[in-house]
There are 2 protein chains.
Amino acid sequence: MKRKPAHYYEARARIARAMAHPSRLLILDALQEREHCVCELTELVGADQSTVSRHLAVLKGAGLVQDRREGVMVFYRARCACLSSFWNCLENVLKENLKSHAAALG
Amino acid sequence: MKRKPAHYYEARARIARAMAHPSRLLILDALQEREHCVCELTELVGADQSTVSRHLAVLKGAGLVQDRREGVMVFYRARCACLSSFWNCLENVLKENLKSHAAALG
DNA sequence: CCTATATATGGTCATTTGGCCATATAGCCA
DNA sequence: TGGCTATATGGCCAAATGACCATATATAGG
C-alpha cells in the first residue's frame, strides 16, 4: 500500500508531541468538560503559572485548544472531542502498561 | 469533577510520547495493515537500521506493538486499531495545522 | 496616569531525545 | 565450530524539552 507523504506524519507528530506530557493531558481532560481560565488550570496542575502558560501555548500551537479573552482573564477550551474516545479505545494497552510499570517499580 | 490520579496521565503520556515522532507514526501506519519485519520497516523509514530498531523498542515499550521472531527475522505488528480512527477524528485539526504550517513556511 | 491582577515571554539550566557508528547478540547453515 | 544475516545495544553528540525565576504585556479600576 502507498504511504502518505511525510508532511502528514509530521502534522500528526506535532499533535502527538503536544499530548506527550502528563500536565497537558490533565489540562486536556479538564477542558473536555468546560472551559477554564489559566488561573484555574494553574491550580489544577500545581506548577508555576509560567509553566502552565507554556503548556497551554503548546496545546494551542497544535490546534488542540482555543482561547478567549474575557477582561483580564483568558479562557481555554478544547477544539475537539477525539481524545477521550481514543484513551478509552486504548484502555487495554493502558491497563497492561500500568501493571508492568508497577511491577518495574515494585 | 474529580480528576484521575497522576499515574493515569503518566500512563497516557508514555503512549503519546511513543507516538510523537513522524517515523514512528509511519511505522504504526504500516503495521496497521499487516505485520512487517525490521528490514522492511528500515527501508520504509529510510534511516539507519539501529535507529529504526530503537523506534520499534519505543513503540513496544509503550505497548503499541508486539514482536514475533521467525528464524533470524523479527516481525512487528500493531496491538490495537485505535490510531486510525483517532487521526480521522482529528482530520479537521490536522487540515488547519497543515494550512497554517504551509503559511508559516511560505 | 498609577496600581493591581492575569497572563505571556526571555533567560538559564538539567534532562531527554534522536541520530549515526561500531559492536554485540541471535539464529541458520555448512 | 565458523561464517552469514537480521536485529539489538553501547557510546557519543547535537538539538529539543521542561522547569523555574524574573520580567514584560494587557486589562480593569481609581
# chains A, B, ... in the order shown; residues from 1 in each chain; ligands from 1
$ interface_residues --of "chain B" --to "chain A" --cutoff "10 Å" --atoms "only C-alpha atoms" --output "JSON list (two decimals) with C-alpha atoms, in the first residue's frame"
[["chain", "number", "residue", "atom", "x", "y", "z"],
["B", 1, "MET", "CA", -15.44, 16.98, 38.52],
["B", 2, "LYS", "CA", -12.85, 14.84, 40.21],
["B", 3, "ARG", "CA", -9.61, 14.32, 38.33],
["B", 4, "LYS", "CA", -7.93, 10.97, 37.69],
["B", 5, "PRO", "CA", -4.81, 10.25, 39.76],
["B", 6, "ALA", "CA", -1.47, 11.33, 38.34],
["B", 7, "HIS", "CA", -0.36, 7.88, 37.23],
["B", 8, "TYR", "CA", -3.23, 7.76, 34.75],
["B", 9, "TYR", "CA", -1.88, 10.79, 32.96],
["B", 10, "GLU", "CA", 1.65, 9.44, 33.14],
["B", 11, "ALA", "CA", 0.49, 6.21, 31.52],
["B", 12, "ARG", "CA", -1.20, 8.17, 28.75],
["B", 13, "ALA", "CA", 1.85, 10.37, 28.33],
["B", 14, "ARG", "CA", 4.05, 7.31, 27.81],
["B", 15, "ILE", "CA", 1.84, 6.34, 24.88],
["B", 16, "ALA", "CA", 1.65, 9.85, 23.46],
["B", 17, "ARG", "CA", 5.44, 10.19, 23.67],
["B", 18, "ALA", "CA", 5.79, 6.96, 21.75],
["B", 19, "MET", "CA", 3.56, 8.41, 19.03],
["B", 20, "ALA", "CA", 5.40, 11.74, 18.99],
["B", 21, "HIS", "CA", 7.72, 11.12, 16.05],
["B", 22, "PRO", "CA", 6.99, 11.06, 12.30],
["B", 23, "SER", "CA", 8.98, 7.87, 11.70],
["B", 24, "ARG", "CA", 7.13, 6.04, 14.45],
["B", 25, "LEU", "CA", 3.79, 7.23, 13.08],
["B", 26, "LEU", "CA", 4.80, 5.99, 9.65],
["B", 29, "ASP", "CA", 0.54, 3.23, 9.86],
["B", 30, "ALA", "CA", 2.34, 0.41, 8.08],
["B", 33, "GLU", "CA", -2.32, -3.15, 7.67],
["B", 44, "LEU", "CA", 10.31, 2.25, 4.56],
["B", 61, "GLY", "CA", 7.77, -0.22, 25.43],
["B", 62, "ALA", "CA", 4.55, 1.77, 25.13],
["B", 63, "GLY", "CA", 2.60, -1.40, 24.38],
["B", 64, "LEU", "CA", 1.56, -0.18, 20.95],
["B", 65, "VAL", "CA", 3.22, -3.03, 19.03],
["B", 79, "ARG", "CA", -1.52, -4.21, 19.22],
["B", 80, "CYS", "CA", -4.59, -2.04, 18.70],
["B", 81, "ALA", "CA", -6.54, -0.33, 15.95],
["B", 82, "CYS", "CA", -7.26, 2.88, 17.85],
["B", 83, "LEU", "CA", -4.86, 5.05, 15.93],
["B", 84, "SER", "CA", -6.51, 5.44, 12.55],
["B", 85, "SER", "CA", -9.93, 6.42, 13.90],
["B", 86, "PHE", "CA", -8.19, 8.87, 16.21],
["B", 87, "TRP", "CA", -6.38, 10.56, 13.33],
["B", 88, "ASN", "CA", -9.60, 10.54, 11.33],
["B", 89, "CYS", "CA", -11.37, 12.29, 14.17],
["B", 90, "LEU", "CA", -8.63, 14.89, 14.24],
["B", 91, "GLU", "CA", -8.65, 15.48, 10.50],
["B", 92, "ASN", "CA", -10.16, 18.95, 10.83],
["B", 93, "VAL", "CA", -7.49, 19.99, 13.29],
["B", 94, "LEU", "CA", -4.85, 18.43, 11.07],
["B", 95, "LYS", "CA", -6.11, 20.26, 8.00],
["B", 96, "GLU", "CA", -5.97, 23.58, 9.88],
["B", 97, "ASN", "CA", -2.48, 22.79, 11.08],
["B", 98, "LEU", "CA", -1.25, 21.90, 7.62],
["B", 100, "SER", "CA", -1.06, 27.31, 8.98],
["B", 101, "HIS", "CA", 2.20, 25.38, 8.75]]
$ interface_residues --of "chain A" --to "chain C" --cutoff "12 Å" --atoms "only C-alpha atoms (C1' of nucleotides)" --output "number ranges by chain"
A: 37-40, 42, 49-57, 67, 69-75
$ write_last_selection --atoms "N, CA and C atoms" --output "short mmCIF file (atom, residue, chain, number, x, y, z; two decimals), in the first residue's frame"
data_model
loop_
_atom_site.label_atom_id
_atom_site.label_comp_id
_atom_site.auth_asym_id
_atom_site.auth_seq_id
_atom_site.Cartn_x
_atom_site.Cartn_y
_atom_site.Cartn_z
N CYS A 37 -10.13 29.10 33.01
CA CYS A 37 -9.14 30.17 32.88
C CYS A 37 -7.78 29.63 33.29
N VAL A 38 -6.73 30.39 32.94
CA VAL A 38 -5.37 29.95 33.22
C VAL A 38 -5.17 29.76 34.72
N CYS A 39 -5.78 30.63 35.51
CA CYS A 39 -5.56 30.52 36.96
C CYS A 39 -6.11 29.22 37.51
N GLU A 40 -7.27 28.80 37.02
CA GLU A 40 -7.82 27.51 37.46
C GLU A 40 -6.90 26.36 37.06
N THR A 42 -3.76 26.50 36.46
CA THR A 42 -2.51 26.57 37.22
C THR A 42 -2.66 25.87 38.56
N GLN A 49 2.90 29.28 37.32
CA GLN A 49 1.97 29.84 36.33
C GLN A 49 2.62 29.94 34.96
N SER A 50 3.89 30.29 34.93
CA SER A 50 4.57 30.42 33.64
C SER A 50 4.69 29.07 32.96
N THR A 51 4.90 28.03 33.74
CA THR A 51 4.97 26.69 33.17
C THR A 51 3.64 26.30 32.54
N VAL A 52 2.55 26.57 33.25
CA VAL A 52 1.23 26.23 32.71
C VAL A 52 0.92 27.04 31.47
N SER A 53 1.31 28.29 31.48
CA SER A 53 1.09 29.13 30.30
C SER A 53 1.81 28.55 29.09
N ARG A 54 3.02 28.06 29.31
CA ARG A 54 3.74 27.45 28.19
C ARG A 54 3.06 26.17 27.73
N HIS A 55 2.59 25.36 28.67
CA HIS A 55 1.86 24.15 28.28
C HIS A 55 0.66 24.52 27.41
N LEU A 56 -0.04 25.57 27.81
CA LEU A 56 -1.22 25.98 27.04
C LEU A 56 -0.81 26.47 25.66
N ALA A 57 0.32 27.14 25.57
CA ALA A 57 0.80 27.59 24.26
C ALA A 57 1.11 26.40 23.37
N ASP A 67 -8.41 29.77 22.72
CA ASP A 67 -8.50 30.67 23.87
C ASP A 67 -9.39 31.85 23.55
N ARG A 69 -10.31 35.73 25.40
CA ARG A 69 -10.03 36.66 26.50
C ARG A 69 -11.33 37.26 27.00
N GLU A 70 -11.45 37.35 28.32
CA GLU A 70 -12.61 37.99 28.92
C GLU A 70 -12.07 38.90 30.02
N GLY A 71 -11.95 40.18 29.69
CA GLY A 71 -11.34 41.10 30.62
C GLY A 71 -9.88 40.76 30.79
N VAL A 72 -9.51 40.57 32.03
CA VAL A 72 -8.11 40.32 32.31
C VAL A 72 -7.78 38.82 32.27
N MET A 73 -8.80 38.03 32.15
CA MET A 73 -8.58 36.58 32.16
C MET A 73 -8.67 36.00 30.75
N VAL A 74 -8.01 34.85 30.56
CA VAL A 74 -8.07 34.13 29.30
C VAL A 74 -8.63 32.74 29.57
N PHE A 75 -9.67 32.39 28.83
CA PHE A 75 -10.30 31.08 28.99
C PHE A 75 -9.89 30.17 27.84
#
$ closest_atom_pairs --of "chain D" --to "chain B" --cutoff "9 Å" --atoms "only C-alpha atoms (C1' of nucleotides)" --output "JSON lines"
{"residue": "D:DT5", "atom": "C1'", "partner": "B:Val72", "partner_atom": "CA", "distance": 7.5}
{"residue": "D:DA6", "atom": "C1'", "partner": "B:Val72", "partner_atom": "CA", "distance": 5.5}
{"residue": "D:DT7", "atom": "C1'", "partner": "B:Met73", "partner_atom": "CA", "distance": 7.4}
{"residue": "D:DA8", "atom": "C1'", "partner": "B:Ser53", "partner_atom": "CA", "distance": 6.9}
{"residue": "D:DT9", "atom": "C1'", "partner": "B:Ser50", "partner_atom": "CA", "distance": 8.7}
$ write_last_selection --atoms "all heavy atoms" --output "CSV table (one decimal), in the first residue's frame"
chain,number,residue,atom,x,y,z
D,5,DT,P,25.6,-12.6,4.1
D,5,DT,OP1,25.3,-12.5,2.6
D,5,DT,OP2,26.6,-11.7,4.7
D,5,DT,O5',24.3,-12.4,4.9
D,5,DT,C5',23.2,-13.3,4.8
D,5,DT,C4',22.2,-13.1,5.8
D,5,DT,O4',22.7,-13.4,7.1
D,5,DT,C3',21.7,-11.6,5.9
D,5,DT,O3',20.3,-11.6,5.9
D,5,DT,C2',22.3,-11.1,7.2
D,5,DT,C1',22.4,-12.4,8.0
D,5,DT,N1,23.4,-12.3,9.1
D,5,DT,C2,23.1,-12.8,10.3
D,5,DT,O2,22.0,-13.3,10.6
D,5,DT,N3,24.1,-12.8,11.3
D,5,DT,C4,25.4,-12.2,11.1
D,5,DT,O4,26.2,-12.2,12.0
D,5,DT,C5,25.6,-11.8,9.7
D,5,DT,C7,27.0,-11.2,9.4
D,5,DT,C6,24.7,-11.8,8.8
D,6,DA,P,19.5,-10.2,5.9
D,6,DA,OP1,18.3,-10.4,5.0
D,6,DA,OP2,20.4,-9.1,5.7
D,6,DA,O5',18.9,-10.2,7.4
D,6,DA,C5',18.1,-11.2,7.8
D,6,DA,C4',17.6,-10.9,9.3
D,6,DA,O4',18.7,-11.1,10.1
D,6,DA,C3',17.1,-9.4,9.4
D,6,DA,O3',15.9,-9.5,10.2
D,6,DA,C2',18.2,-8.8,10.2
D,6,DA,C1',18.9,-9.9,10.9
D,6,DA,N9,20.4,-9.7,11.1
D,6,DA,C8,21.3,-9.4,10.2
D,6,DA,N7,22.5,-9.3,10.6
D,6,DA,C5,22.4,-9.6,12.0
D,6,DA,C6,23.3,-9.7,13.0
D,6,DA,N6,24.6,-9.5,12.8
D,6,DA,N1,22.9,-10.1,14.2
D,6,DA,C2,21.6,-10.4,14.4
D,6,DA,N3,20.6,-10.3,13.5
D,6,DA,C4,21.1,-9.9,12.3
D,7,DT,P,15.2,-8.1,10.5
D,7,DT,OP1,13.7,-8.5,10.7
D,7,DT,OP2,15.6,-7.1,9.6
D,7,DT,O5',15.8,-7.8,12.0
D,7,DT,C5',15.5,-8.7,13.0
D,7,DT,C4',16.3,-8.3,14.3
D,7,DT,O4',17.7,-8.3,14.0
D,7,DT,C3',16.0,-6.9,14.8
D,7,DT,O3',15.3,-7.1,16.1
D,7,DT,C2',17.3,-6.2,14.9
D,7,DT,C1',18.3,-7.3,14.9
D,7,DT,N1,19.6,-7.0,14.3
D,7,DT,C2,20.7,-7.1,15.1
D,7,DT,O2,20.7,-7.5,16.3
D,7,DT,N3,21.9,-6.7,14.6
D,7,DT,C4,22.1,-6.3,13.3
D,7,DT,O4,23.2,-6.0,12.8
D,7,DT,C5,20.9,-6.2,12.5
D,7,DT,C7,21.0,-5.8,11.0
D,7,DT,C6,19.7,-6.5,13.0
D,8,DA,P,15.0,-5.9,17.0
D,8,DA,OP1,13.8,-6.3,17.9
D,8,DA,OP2,14.9,-4.7,16.2
D,8,DA,O5',16.2,-5.7,18.0
D,8,DA,C5',16.7,-6.9,18.7
D,8,DA,C4',17.8,-6.5,19.7
D,8,DA,O4',19.0,-6.2,18.9
D,8,DA,C3',17.6,-5.3,20.5
D,8,DA,O3',18.1,-5.6,21.8
D,8,DA,C2',18.5,-4.2,19.9
D,8,DA,C1',19.6,-5.0,19.2
D,8,DA,N9,20.2,-4.5,18.0
D,8,DA,C8,19.5,-4.2,16.9
D,8,DA,N7,20.3,-3.7,15.9
D,8,DA,C5,21.6,-3.7,16.5
D,8,DA,C6,22.9,-3.4,16.0
D,8,DA,N6,23.1,-3.0,14.8
D,8,DA,N1,23.9,-3.5,16.8
D,8,DA,C2,23.7,-4.0,18.1
D,8,DA,N3,22.5,-4.4,18.6
D,8,DA,C4,21.5,-4.2,17.8
D,9,DT,P,18.0,-4.6,23.0
D,9,DT,OP1,17.7,-5.4,24.2
D,9,DT,OP2,17.0,-3.5,22.6
D,9,DT,O5',19.4,-3.9,23.1
D,9,DT,C5',20.5,-4.8,23.4
D,9,DT,C4',21.8,-4.0,23.4
D,9,DT,O4',22.2,-3.5,22.1
D,9,DT,C3',21.8,-2.7,24.3
D,9,DT,O3',23.0,-2.6,25.0
D,9,DT,C2',21.7,-1.6,23.2
D,9,DT,C1',22.6,-2.2,22.2
D,9,DT,N1,22.4,-1.6,20.8
D,9,DT,C2,23.6,-1.3,20.1
D,9,DT,O2,24.7,-1.5,20.6
D,9,DT,N3,23.3,-0.8,18.9
D,9,DT,C4,22.1,-0.6,18.3
D,9,DT,O4,22.0,-0.2,17.1
D,9,DT,C5,21.0,-1.0,19.1
D,9,DT,C7,19.6,-0.8,18.5
D,9,DT,C6,21.2,-1.5,20.3
$ select_by_dssp --residues "chain A" --states "strand (DSSP E or B)" --output "list of chain:residue names"
A:His36, A:Cys37, A:Val65, A:Gln66, A:Asp67, A:Arg68, A:Arg69, A:Glu70, A:Met73, A:Val74, A:Phe75, A:Tyr76, A:Arg77, A:Ala78
$ write_last_selection --atoms "C-alpha atoms" --output "PDB file, in the first residue's frame"
ATOM      1  CA  HIS A  36     -11.181  27.059  32.274  1.00  0.00           C
ATOM      2  CA  CYS A  37      -9.144  30.170  32.880  1.00  0.00           C
ATOM      3  CA  VAL A  65      -7.359  24.138  22.259  1.00  0.00           C
ATOM      4  CA  GLN A  66      -8.731  27.616  21.650  1.00  0.00           C
ATOM      5  CA  ASP A  67      -8.504  30.666  23.875  1.00  0.00           C
ATOM      6  CA  ARG A  68     -10.844  33.561  24.505  1.00  0.00           C
ATOM      7  CA  ARG A  69     -10.029  36.657  26.498  1.00  0.00           C
ATOM      8  CA  GLU A  70     -12.606  37.995  28.923  1.00  0.00           C
ATOM      9  CA  MET A  73      -8.582  36.583  32.158  1.00  0.00           C
ATOM     10  CA  VAL A  74      -8.069  34.134  29.295  1.00  0.00           C
ATOM     11  CA  PHE A  75     -10.299  31.080  28.992  1.00  0.00           C
ATOM     12  CA  TYR A  76      -9.172  27.958  27.179  1.00  0.00           C
ATOM     13  CA  ARG A  77     -11.397  25.265  25.771  1.00  0.00           C
ATOM     14  CA  ALA A  78     -10.916  22.054  23.787  1.00  0.00           C
TER      15      ALA A  78
END
$ select_by_dssp --residues "region 65-98 of chain A" --states "alpha helix (DSSP H)" --output "PyMOL selection string"
chain A and resi 82-89+91-98
$ write_last_selection --atoms "all heavy atoms" --output "CSV table (one decimal), in the first residue's frame"
chain,number,residue,atom,x,y,z
A,82,CYS,N,-11.9,14.3,20.4
A,82,CYS,CA,-11.4,13.0,19.9
A,82,CYS,C,-10.6,12.3,21.0
A,82,CYS,O,-10.4,11.0,21.0
A,82,CYS,CB,-10.5,13.2,18.8
A,82,CYS,SG,-11.2,14.2,17.5
A,83,LEU,N,-10.2,13.0,22.0
A,83,LEU,CA,-9.2,12.4,23.0
A,83,LEU,C,-9.8,11.3,23.8
A,83,LEU,O,-9.2,10.3,24.0
A,83,LEU,CB,-8.7,13.6,23.9
A,83,LEU,CG,-7.5,14.4,23.4
A,83,LEU,CD1,-6.3,13.6,23.2
A,83,LEU,CD2,-7.9,15.2,22.1
A,84,SER,N,-11.0,11.6,24.4
A,84,SER,CA,-11.5,10.6,25.4
A,84,SER,C,-11.8,9.3,24.8
A,84,SER,O,-11.5,8.2,25.4
A,84,SER,CB,-12.7,11.2,26.1
A,84,SER,OG,-13.7,11.6,25.2
A,85,SER,N,-12.4,9.3,23.6
A,85,SER,CA,-12.7,8.0,23.0
A,85,SER,C,-11.4,7.3,22.6
A,85,SER,O,-11.3,6.1,22.6
A,85,SER,CB,-13.6,8.2,21.7
A,85,SER,OG,-13.0,9.1,20.8
A,86,PHE,N,-10.4,8.1,22.2
A,86,PHE,CA,-9.1,7.5,21.9
A,86,PHE,C,-8.5,6.8,23.2
A,86,PHE,O,-8.1,5.6,23.1
A,86,PHE,CB,-8.1,8.6,21.5
A,86,PHE,CG,-6.7,8.1,21.2
A,86,PHE,CD1,-6.4,7.2,20.2
A,86,PHE,CD2,-5.7,8.6,22.0
A,86,PHE,CE1,-5.1,6.7,20.0
A,86,PHE,CE2,-4.4,8.2,21.8
A,86,PHE,CZ,-4.1,7.2,20.8
A,87,TRP,N,-8.5,7.5,24.3
A,87,TRP,CA,-8.0,6.8,25.5
A,87,TRP,C,-8.8,5.6,25.9
A,87,TRP,O,-8.3,4.6,26.5
A,87,TRP,CB,-7.8,7.8,26.6
A,87,TRP,CG,-6.8,8.9,26.3
A,87,TRP,CD1,-7.1,10.3,26.3
A,87,TRP,CD2,-5.4,8.8,26.0
A,87,TRP,NE1,-5.9,10.9,26.0
A,87,TRP,CE2,-4.9,10.1,25.8
A,87,TRP,CE3,-4.6,7.7,25.9
A,87,TRP,CZ2,-3.6,10.3,25.5
A,87,TRP,CZ3,-3.3,7.9,25.5
A,87,TRP,CH2,-2.7,9.2,25.3
A,88,ASN,N,-10.1,5.7,25.7
A,88,ASN,CA,-11.0,4.6,26.0
A,88,ASN,C,-10.6,3.4,25.2
A,88,ASN,O,-10.5,2.3,25.7
A,88,ASN,CB,-12.5,5.0,25.7
A,88,ASN,CG,-13.0,5.8,26.9
A,88,ASN,OD1,-12.5,5.8,28.0
A,88,ASN,ND2,-14.1,6.4,26.6
A,89,CYS,N,-10.4,3.7,23.9
A,89,CYS,CA,-10.0,2.6,23.0
A,89,CYS,C,-8.7,1.9,23.4
A,89,CYS,O,-8.5,0.7,23.3
A,89,CYS,CB,-9.9,3.1,21.6
A,89,CYS,SG,-9.4,1.9,20.4
A,91,GLU,N,-7.7,1.5,26.4
A,91,GLU,CA,-7.7,1.1,27.9
A,91,GLU,C,-7.0,-0.2,28.2
A,91,GLU,O,-6.4,-0.4,29.2
A,91,GLU,CB,-9.1,1.2,28.4
A,91,GLU,CG,-10.0,0.1,27.9
A,91,GLU,CD,-11.4,0.2,28.5
A,91,GLU,OE1,-11.5,0.8,29.6
A,91,GLU,OE2,-12.4,-0.3,27.9
A,92,ASN,N,-7.1,-1.1,27.2
A,92,ASN,CA,-6.4,-2.4,27.5
A,92,ASN,C,-4.9,-2.2,27.5
A,92,ASN,O,-4.2,-2.7,28.4
A,92,ASN,CB,-6.8,-3.4,26.4
A,92,ASN,CG,-8.3,-3.8,26.5
A,92,ASN,OD1,-8.8,-4.0,27.5
A,92,ASN,ND2,-8.9,-3.9,25.3
A,93,VAL,N,-4.4,-1.5,26.5
A,93,VAL,CA,-3.0,-1.2,26.5
A,93,VAL,C,-2.6,-0.5,27.8
A,93,VAL,O,-1.6,-0.8,28.4
A,93,VAL,CB,-2.6,-0.3,25.2
A,93,VAL,CG1,-1.2,0.2,25.3
A,93,VAL,CG2,-2.9,-1.1,24.0
A,94,LEU,N,-3.4,0.5,28.1
A,94,LEU,CA,-3.0,1.3,29.3
A,94,LEU,C,-3.0,0.4,30.6
A,94,LEU,O,-2.1,0.6,31.4
A,94,LEU,CB,-4.1,2.4,29.5
A,94,LEU,CG,-3.9,3.6,28.5
A,94,LEU,CD1,-5.1,4.5,28.4
A,94,LEU,CD2,-2.7,4.4,28.9
A,95,LYS,N,-4.0,-0.5,30.7
A,95,LYS,CA,-4.0,-1.4,31.9
A,95,LYS,C,-2.7,-2.2,31.9
A,95,LYS,O,-2.1,-2.4,33.0
A,95,LYS,CB,-5.3,-2.2,31.8
A,95,LYS,CG,-6.4,-1.7,32.7
A,95,LYS,CD,-7.6,-2.6,32.8
A,95,LYS,CE,-8.5,-2.4,31.6
A,95,LYS,NZ,-9.8,-3.1,31.6
A,96,GLU,N,-2.4,-2.8,30.8
A,96,GLU,CA,-1.1,-3.6,30.7
A,96,GLU,C,0.1,-2.7,31.1
A,96,GLU,O,0.9,-3.2,31.9
A,96,GLU,CB,-0.9,-4.1,29.3
A,96,GLU,CG,-1.7,-5.3,29.0
A,96,GLU,CD,-1.3,-6.5,29.9
A,96,GLU,OE1,-0.1,-6.7,30.2
A,96,GLU,OE2,-2.3,-7.1,30.4
A,97,ASN,N,0.1,-1.5,30.6
A,97,ASN,CA,1.3,-0.7,30.9
A,97,ASN,C,1.3,-0.3,32.4
A,97,ASN,O,2.4,-0.3,33.0
A,97,ASN,CB,1.2,0.6,30.1
A,97,ASN,CG,1.4,0.4,28.6
A,97,ASN,OD1,1.6,-0.8,28.2
A,97,ASN,ND2,1.5,1.4,27.8
A,98,LEU,N,0.2,0.0,33.0
A,98,LEU,CA,0.1,0.3,34.4
A,98,LEU,C,0.6,-0.9,35.2
A,98,LEU,O,1.4,-0.8,36.1
A,98,LEU,CB,-1.3,0.7,34.8
A,98,LEU,CG,-1.7,2.0,34.4
A,98,LEU,CD1,-3.2,2.3,34.9
A,98,LEU,CD2,-0.8,3.1,35.1
$ atom_distance --atom1 "CA of Ile27 (chain B)" --atom2 "CA of Ala47 (chain B)"
12.1 Å
$ atom_distance --atom1 "CA of Gln32 (chain B)" --atom2 "CA of Gly46 (chain B)"
19.0 Å
